[in-house]
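Visitor: Quick one: the structure is below, and I'll ask about it shortly.
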Amino acid sequence: MLTYSDLQGSRRQRRAEAISRRLFQGAALATVLVSFLILFVLFRGAVNFLSLINWDLSLLSDNGWFPRRERFDLRTIFVGSVVMGSVAMVVAGPLGLGVAIYLSEYAPARVRRIVKPVIEVLAGIPSVIVGYFVLRFIAPEIVSPVFNPATQNNMLAAGIGIGVLVIPIMASVSEDALAAVPNSLREASYGIGARKFDTVVSAVLPAAVSGLVAAFIIAVSRAIGETMVATMAGGFDGAGLFEGAYPTNRGLTMTAAMTNAVGGTDQDVGGPSFEVLYFVGVLLFGLTLILNVVGNRVVNRVREKY
Amino acid sequence: MALTTPAASGEDARKIIVASLHRRDRDVRGVILASLLLAATVATLVVLVTLLAQVVGESAPYLADRGTEFLTTPIGSDPDKIGIWSGLYGSIGIGIIVLIVAIPMGIAAAIYLEEYADQTRRSTQFILVNIRNLAGVPAVIYGVLGFIIFVKWLAPLTSGDTVIAAGLTMSVLVVPIVVITSIEAIRAVPQGLRDGGYGVGASRWEVVRDHVLPYAAPGILTGTVLSLARALGEAAPLIIVGAITGFLPETTLTEKFTAVPILIYRWSGQPQPPGSEFSFTAAAAGAGIVLLVLVLFFNASAIYLRNRFEKVRVGQ
Amino acid sequence: MTDKFDSRVIVDSGTSISDDGMKEQIRVNSSQIDTTPVFDLDDVSVFYGDFRAVRDVSLPIQSREITAFIGPSGCGKTTVLRCLNRMNDFIATARVEGVIRYRGADMYDSRVNSTEVRRRIGMVFQKPNPFPKSIFDNVAYGPRLMGMKKKAELEEVVERSLRGAALWDEVKDRLKESGLGLSGGQQQRLCIARAVAVEPDVILMDEPCSALDPIATARIEELMQEIKDRYTIVIVTHNMQQAARVSDRTAFFTTEVNDASDRRTGVLVEFNPTEKIFSNPDDERTEQYVTGRFG
């Protein structure tokens, strides 16, 4: 007969097992802590900001974003983000989707083997370098000659830059959505004599549509969250009058407003022009979180379906 | 043609079928679609090439003139004489801290979620969903987090806005990526391998250490390399944490810092001072080349590693 | 065999009951071992969540015998087998009701360490799963885990185990080569050698030959007969003839329609000496199965 102590295993092993489990669990729980801290830091700072301006919400709709003069027109930064994001999606949507459909449905294996890594290389390019590219090429050589804007740096040029940055994520998630469409669907379509155009347009794309929508939403989220290109090439240097939503005007995004709240030698830590960082942070975080949650939900639903 | 009598319909049918098989399909829409898609792909490639051409083009004469001095000189006010050493110091410091802090932590969290945690419980799913959300949070927000937590609250540990605080901030940013790629790598480990370990009485930790981790190592390594590339290329969080864009007297771990992407950010917008041969934007392009080489090297190695080890797995 | 890794035989005279109540029945004499069953299943049901996969299993497994579980697919034979070394622990929704005793101790008692259980009750799986290591390291893995470090000792254990699995002559010159380079049948014998190397009390085999060709199967069946005097073996097989050839006792399971859900619940129909099961079974369902009237 065996005793229970015989079946307990060695103490050393049990301790190693318990320690390793606790360590790994701690790491996993730390990620939850990070989320909590982000929320805490942002909300505490936002409340602090609002109290600094005495909860005078009228300051949030003054014309123009001049933090050092206590003008925090939310409309300015919101429109800035939306317009630049829209321009970015006008670029990244078709190009990203086009690349995805091409790679998924048309490209021969040889081409795929070259193009896919190239897209991944594009994905790795740091945003500052794209910002540099906008300043030195897209704005002066493309946007200015064609659109003749009032200033060289504007929402259109910056938006194009953001679009370039976002093409890879749009292409990659779209491609996943297309790959998730079972081949039997394509075969069924060809089997009744449909041509490639019909198969792609009428069979594959409709089946993948929710995944493509998810790709779009995720890409929008990235575009809104992009900071460096918007800061470098948006046209404003931290503050400005609301110029309207026309893309060739200058614009200030939520992200650029955040970097500008911090930058500069006249940093006023503790004052409203600095503390607005947290307030805008809450808005930005909330917006991107909603977009990401919706996008991820759709992606998961697509995965489950197949 | 009327297909009425069997004899007539037989021959006519044959003619119709042959004709339709031979018909040159004028599939206009198909051609247009295919061309558009190809154009999109080509356009994307062209964009990449143009970008690289711009960076290389503007930096080439500058780097040819400055040579390796560019890497060892600190920043200053005369583009003809500046270098990225201050930035390199900061970036390398950030990279090392990310390697030491974020990579083990991310791998540990992935091990917990895939090997130890009860997958059916909502709390496990919650942690996973939370990590996926963290991966989508804009980098600038991590900067705000790092500013409060590492620069302010943990000032005794980090000495304020220093490379250490920056490294820790980038670590937090990068952990979700490490976790997600490690989870994918661990999920690819065949169950039979674990069974074999458990079947001879190995404990869970022993199975992870001796079988799961070695098998998943290439995938985890890929994730590590990708995260490092990301950490080196981000500028926004560093601005919030307090990276210096102007004059930096010395580079230490406990004083103010800067990083290569910050230098690119700063110099891209600085006008050329009168009397200098080169512009700040040329220096920015030079720094850009260094950063690109670094980041692209990491990304390319990650892709190469992943492909190579996939072949080994499949071969086995 | 009473070297330090063998604790199957517990000879302990007169240990007092200690305060924490951990020690229960102590006094054991090695000559008595073989009459008490190694496993005793008492009214065991296994659930996956709310679904009862197999119900009311009561049977003893005798020492140094080969016991076979047979039955149509879905009857729960693998489920029951995996309970015998607590492999079902890894399925989050799995739950065992009833009592499974291993040499008198309730295996699912909270004091029992499942890793220790698996050290004593080894398992060979349906698809051969050698580690991506050398042949030597495959077999040496278990002993190394248990603390064996000296090269000479390890070499001895490896040779002994490989001989015990009838594989030594084929691989003795290529111990450093990868285990994955062997044929399917050799890989499975390597897995058996690996299991044997930790000197377990019991070896569980889950359809060990279903992925192998007939010749490799025959070799493994031969091996099972050779080693059964050292280990208690429980084998799940969907091949009735194999059970008839190889085992001493056979348990026949079948499925019945579950009224609650559409799924079928497994149930133990009959447990008898193999000869009886195949020539004169007690239950009609058994007879129908072994004569092939339903399969």
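Ordered as shown in the structure tokens, chains take letters A, B, and onward, while each chain numbers its residues from 1 and ligands are numbered from 1 in the order shown.
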Report as a VMD selection string the set of chain A residues whose atoms approach chain B to within 7 Å, with distances computed over only C-alpha atoms.
Guide: chain A and resid 17 20 24 to 25 27 to 28 31 to 32 38 41 95 98 to 99 102 121 to 122 124 to 126 128 to 129 132 to 133 196 to 197 225 to 228 259 262 281 285 288 292
Visitor: Using only C-alpha atoms, find each residue of chain B with at least one atom at most 12 Å away from an atom of chain C; report its shortest atom-to-atom pair and that distance in Å (one decimal), sort the rows by chain and rising residue number, and return the result as CSV.
Guide:
```
residue,atom,partner,partner_atom,distance
B:Glu114,CA,C:Phe90,CA,11.7
B:Glu115,CA,C:Phe90,CA,9.5
B:Tyr116,CA,C:Phe90,CA,9.5
B:Ala117,CA,C:Ala92,CA,9.4
B:Asp118,CA,C:Ala92,CA,6.2
B:Gln119,CA,C:Ala92,CA,7.1
B:Thr120,CA,C:Ala92,CA,6.7
B:Arg121,CA,C:Ala92,CA,9.0
B:Val189,CA,C:Pro132,CA,11.9
B:Pro190,CA,C:Asn129,CA,9.6
B:Gln191,CA,C:Asn129,CA,9.4
B:Gly192,CA,C:Asn129,CA,5.7
B:Leu193,CA,C:Asn129,CA,6.2
B:Arg194,CA,C:Asn129,CA,9.1
B:Asp195,CA,C:Phe125,CA,7.9
B:Gly196,CA,C:Asn129,CA,6.1
B:Gly197,CA,C:Phe131,CA,8.3
B:Tyr198,CA,C:Arg118,CA,6.9
B:Gly199,CA,C:Met123,CA,4.7
B:Val200,CA,C:Gly122,CA,5.4
B:Gly201,CA,C:Arg119,CA,3.9
B:Ala202,CA,C:Thr115,CA,6.3
B:Ser203,CA,C:Thr115,CA,5.3
B:Arg204,CA,C:Thr115,CA,8.1
B:Trp205,CA,C:Thr115,CA,10.6
B:Glu206,CA,C:Leu145,CA,8.2
B:Val207,CA,C:Leu145,CA,10.5
B:Arg209,CA,C:Leu145,CA,11.6
B:Asp210,CA,C:Tyr141,CA,9.4
B:His211,CA,C:Phe131,CA,7.8
B:Val212,CA,C:Phe131,CA,10.7
B:Pro214,CA,C:Pro132,CA,9.7
B:Tyr215,CA,C:Pro132,CA,8.7
B:Val312,CA,C:Pro132,CA,11.6
B:Arg313,CA,C:Pro132,CA,10.5
B:Gly315,CA,C:Leu180,CA,10.9
B:Gln316,CA,C:Leu180,CA,7.6
```
Visitor: Residues of chain A within 9 Å of chain C, counting only C-alpha atoms - could you list those as an NGL selection string?
Guide: :A and (1-10 or 14)
Visitor: Might you pull out every residue within 9 Å of range 221-228 of chain C, with only C-alpha atoms counted and same-chain residues fewer than 2 positions away left off, and present them as a short mmCIF file (atom, residue, chain, number, x, y, z; two decimals) with C-alpha atoms, in the first residue's frame?
Guide:
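Written out: part_31.cif:
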```cif
data_model
loop_
_atom_site.label_atom_id
_atom_site.label_comp_id
_atom_site.auth_asym_id
_atom_site.auth_seq_id
_atom_site.Cartn_x
_atom_site.Cartn_y
_atom_site.Cartn_z
CA ARG C 64 1.94 -7.76 -13.56
CA GLU C 65 -0.82 -8.43 -16.03
CA ILE C 66 -1.82 -6.89 -19.30
CA GLY C 164 14.12 -3.77 -22.36
CA ALA C 165 12.37 -2.21 -25.34
CA ALA C 166 14.08 -4.55 -27.78
CA ARG C 189 9.88 1.32 -29.05
CA CYS C 209 0.23 0.35 -32.53
CA ALA C 216 6.13 -3.13 -36.18
CA THR C 217 2.88 -3.95 -34.39
CA ALA C 218 3.90 -7.55 -33.97
CA ARG C 219 7.24 -6.50 -32.50
CA ARG C 230 8.12 -6.26 -14.58
CA TYR C 231 5.36 -3.76 -15.19
CA THR C 232 1.62 -3.71 -14.96
CA ILE C 233 0.32 -2.79 -18.39
CA GLN C 242 -4.65 -7.54 -30.56
CA ARG C 245 -3.50 -11.98 -28.52
CA VAL C 246 -1.86 -9.96 -25.88
CA SER C 247 -3.94 -9.36 -22.79
#
```
Visitor: Extract, using only C-alpha atoms, all DNA, RNA and protein residues at most 6 Å from range 80-86 of chain A, discarding same-chain residues fewer than 5 positions from it, and format them as a short mmCIF file (atom, residue, chain, number, x, y, z; two decimals) with C-alpha atoms, in the first residue's frame.
Guide:
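Result file is selection-v8.cif:
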```
data_model
loop_
_atom_site.label_atom_id
_atom_site.label_comp_id
_atom_site.auth_asym_id
_atom_site.auth_seq_id
_atom_site.Cartn_x
_atom_site.Cartn_y
_atom_site.Cartn_z
CA MET A 155 -3.01 68.23 -43.14
CA GLY A 159 -2.17 62.74 -43.86
CA ALA A 223 -3.76 56.54 -38.01
CA ILE A 224 -5.44 58.44 -35.21
CA GLY A 251 -3.99 71.15 -38.63
CA LEU A 252 -3.23 69.99 -35.14
CA THR A 253 -4.04 66.47 -34.07
#
```
Visitor: Need the shell around range 172-182 of chain A: protein/DNA/RNA residues with any atom at most 7 Å away, counting only C-alpha atoms. Skip same-chain ones fewer than 4 positions apart. Format as a ChimeraX atom specification?
Guide: /A:97,100-101,104,168,204,207-208,211-212,215,306
Visitor: Extract, using only C-alpha atoms, all DNA, RNA and protein residues at most 8 Å from Gly131 in chain A, discarding same-chain residues fewer than 5 positions from it, and format them as a list of chain:residue names.
Guide: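 In the requested form, the answer reads A:Ala158, A:Gly161, A:Met228, A:Val229, A:Ala230, A:Met232, A:Ala233, B:Tyr265.
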Visitor: I'd like the interatomic distance between CA of Pro140 in chain A and CA of Gln152 in chain A, to a tenth of an Å.
Guide: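 CA of Gln152 in chain A lies at a distance of 6.3 Å from CA of Pro140 in chain A.
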Visitor: Report, in Å to a single decimal, how far apart CA of Val236 in chain C and CA of Asp169 in chain C are.
Guide: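 That distance, rounded to one decimal, is 28.2 Å.
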Visitor: Please return, as an MDAnalysis selection string, all residues of range 42-117 of chain A that DSSP assigns to strand (DSSP E) on the basis of the backbone.
Guide: chainID A and resid 65:66 71:72
Visitor: Could you save those same residues with N, CA and C atoms as a PDB file, in the first residue's frame?
Guide:
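Generated file (out.pdb):
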```pdb
ATOM      1  N   TRP A  65      -6.383  76.501 -30.654  1.00  0.00           N
ATOM      2  CA  TRP A  65      -5.695  75.753 -29.604  1.00  0.00           C
ATOM      3  C   TRP A  65      -4.471  76.547 -29.201  1.00  0.00           C
ATOM      4  N   PHE A  66      -4.611  77.295 -28.108  1.00  0.00           N
ATOM      5  CA  PHE A  66      -3.488  78.078 -27.595  1.00  0.00           C
ATOM      6  C   PHE A  66      -3.337  77.757 -26.121  1.00  0.00           C
ATOM      7  N   ARG A  71      -6.517  78.624 -24.144  1.00  0.00           N
ATOM      8  CA  ARG A  71      -7.583  78.360 -25.103  1.00  0.00           C
ATOM      9  C   ARG A  71      -7.421  76.927 -25.577  1.00  0.00           C
ATOM     10  N   PHE A  72      -8.406  76.094 -25.253  1.00  0.00           N
ATOM     11  CA  PHE A  72      -8.269  74.676 -25.549  1.00  0.00           C
ATOM     12  C   PHE A  72      -9.388  74.202 -26.445  1.00  0.00           C
TER      13      PHE A  72
END
```
Visitor: Please, which residues of range 68-211 of chain C, numbered as in this document, come out alpha helix (DSSP H) from DSSP, as a ChimeraX atom specification?
Guide: /C:77-83,114-120,135-145,151-164,168-171,184-196
Visitor: Compile the contact shell of Asp43 in chain C as a list in words: residues with an atom at most 10 Å away, counting only C-alpha atoms, same-chain residues fewer than 5 positions apart removed.
Guide: Arg55, Asp56, Val57, Ser58, Leu59, Glu97, Gly98, Val99 and Ile100 of chain C
Visitor: CA of Ala256 in chain A and CA of Val163 in chain B, how far apart in Å?
Guide: 23.0 Å
Visitor: Under the rule that only C-alpha atoms are counted, which of A:Gly64, A:Gly96, A:Pro272, A:Pro149 is the nearest residue to Ala171 in chain A?
Guide: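 Selected residue with least distance to Ala171 in chain A: A:Gly96.
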Visitor: Between C:Phe69, C:Phe136, C:Phe253, C:Tyr108, which one has atoms that come closest to Ala53 in chain C, using only C-alpha atoms?
Guide: C:Phe253
